[in-house]
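Inspection log for the structure reproduced underneath, given as structure tokens.
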Amino acid sequence: MFSAEGNVRYHASLDCSLEDNVSRATPHPTLALAVCALLSLASCGNNFGFPGVYRINVEQGNVVTNEMVEQLRPGLNRRQVRYIMGTPLVEDAFHSDRWDYRYLLRNGNETLSTTQLTLWFDGDKLVRADGPDAPAWGEPQSKESDSEEVASED
């Protein structure tokens with residue numbers, strides 16, 4: 001049990017070291033390292049995805065339809081606008097006269113649809129709408145509304 005140098009040996013009959021008797025946990029350490037590197041690369045990168053994985057559509061913000069925008073008119077009060085459009089996505093504490101309605105539809109990294117509408121108030125009255133989906137209040141009205149006005153005057 002004791003060697004000539006005074007060291008304790010647990011296997012006195014074997015002349016090999018203890019590490020030689022223990023089997024390795026992974027028979028191929030390079031293969032295990034390659035698999036770990038591949039998994040970490042796949043989990044960190046958004047551009048690389050596993051094939052066949054379904055990505056859901058993610059909707060964020062307020063859905064703004066053309067029917068809602070057509071109902072907006074200058075002079076509506078805040079309560080009426082909130083009834084038509086819903087609660088704004090952003091009510092800025094520093095600009096209480098501005099309401100932002102923004103909508104974004106994504107599938108993974110791909111943006112499918114986006115809308116943006118900013119409404120401006122003067123006191124309690126709607127005065128302006130900005131954005132690509134804003135109504136055109138300064139343009140002349142359609143022929144139908146002109147013919148209705150003429151008919152109502154007669």
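Naming works like this for the structure tokens: A, B, ... for the chains as they're shown, residue 1 at the start of each chain, ligands 1 onward in shown order.
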Residue list (strand (DSSP E), DSSP) for range 39-99 of chain A, as a list in words: Asn57, Val58, Glu59, Gln60, Gly61, Val90, Glu91, Arg98 and Trp99 of chain A
Those selected residues, please, written with N, CA and C atoms and delivered as a compact mmCIF listing (two decimals), in the first residue's frame.
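This is the output file part15.txt:
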```
# COMPACT_ATOMS: atom_id res chain seq x y z
N ASN A 57 -47.03 35.90 -36.20
CA ASN A 57 -47.17 37.32 -36.47
C ASN A 57 -47.34 38.04 -35.13
N VAL A 58 -46.58 39.12 -34.95
CA VAL A 58 -46.64 39.89 -33.72
C VAL A 58 -47.21 41.26 -34.06
N GLU A 59 -48.35 41.59 -33.43
CA GLU A 59 -48.99 42.88 -33.62
C GLU A 59 -48.71 43.76 -32.41
N GLN A 60 -48.28 44.99 -32.67
CA GLN A 60 -48.01 45.93 -31.59
C GLN A 60 -48.66 47.26 -31.91
N GLY A 61 -49.29 47.85 -30.91
CA GLY A 61 -49.86 49.18 -31.07
C GLY A 61 -51.35 49.17 -31.31
N VAL A 90 -49.35 56.21 -27.21
CA VAL A 90 -48.47 57.09 -26.45
C VAL A 90 -49.22 58.37 -26.13
N GLU A 91 -49.37 58.66 -24.85
CA GLU A 91 -49.85 59.96 -24.39
C GLU A 91 -48.67 60.61 -23.68
N ARG A 98 -50.71 66.13 -27.76
CA ARG A 98 -50.33 65.22 -28.85
C ARG A 98 -50.66 63.78 -28.47
N TRP A 99 -51.36 63.09 -29.35
CA TRP A 99 -51.65 61.66 -29.19
C TRP A 99 -51.06 60.92 -30.37
```
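One finds CA of Gly86 in chain A at 11.1 Å from CA of Asp100 in chain A.
Among the candidates A:Leu117, A:Ala136, A:Gly108, A:Leu31, the one nearest to Val53 in chain A when counting only C-alpha atoms is A:Gly108.
Computed from the coordinates, the CA of Glu67 in chain A to CA of Met85 in chain A distance equals 9.9 Å.
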Shortest contact to Gly123 in chain A, candidates A:Ile84, A:Met68, A:Leu33, A:Leu76, atoms counted only C-alpha atoms, goes to A:Leu76
Can you list, as a list in words, every protein, DNA or RNA residue that comes within 9 Å of Phe121 in chain A when you count only C-alpha atoms, leaving out same-chain residues fewer than 2 positions away? Gly75, Asn77, Arg78, Ser96, Asp97, Arg98, Trp99, Leu119, Gly123, Asp124, Lys125, Leu126, Val127 and Arg128 of chain A
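Residues lying within 7 Å of Asn107 in chain A, counting only C-alpha atoms and ignoring same-chain neighbours fewer than 2 positions away, are Arg55, Ile56, Asn57, Val58, Asn109, Glu110, Thr111 and Leu112 of chain A.
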Just asking: which residues within range 60-120 of chain A are helix (DSSP H, G or I) according to DSSP, as an MDAnalysis selection string? chainID A and resid 66:71 78:85
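From CA of Tyr101 in chain A back to CA of Pro88 in chain A, the distance works out to 5.4 Å.
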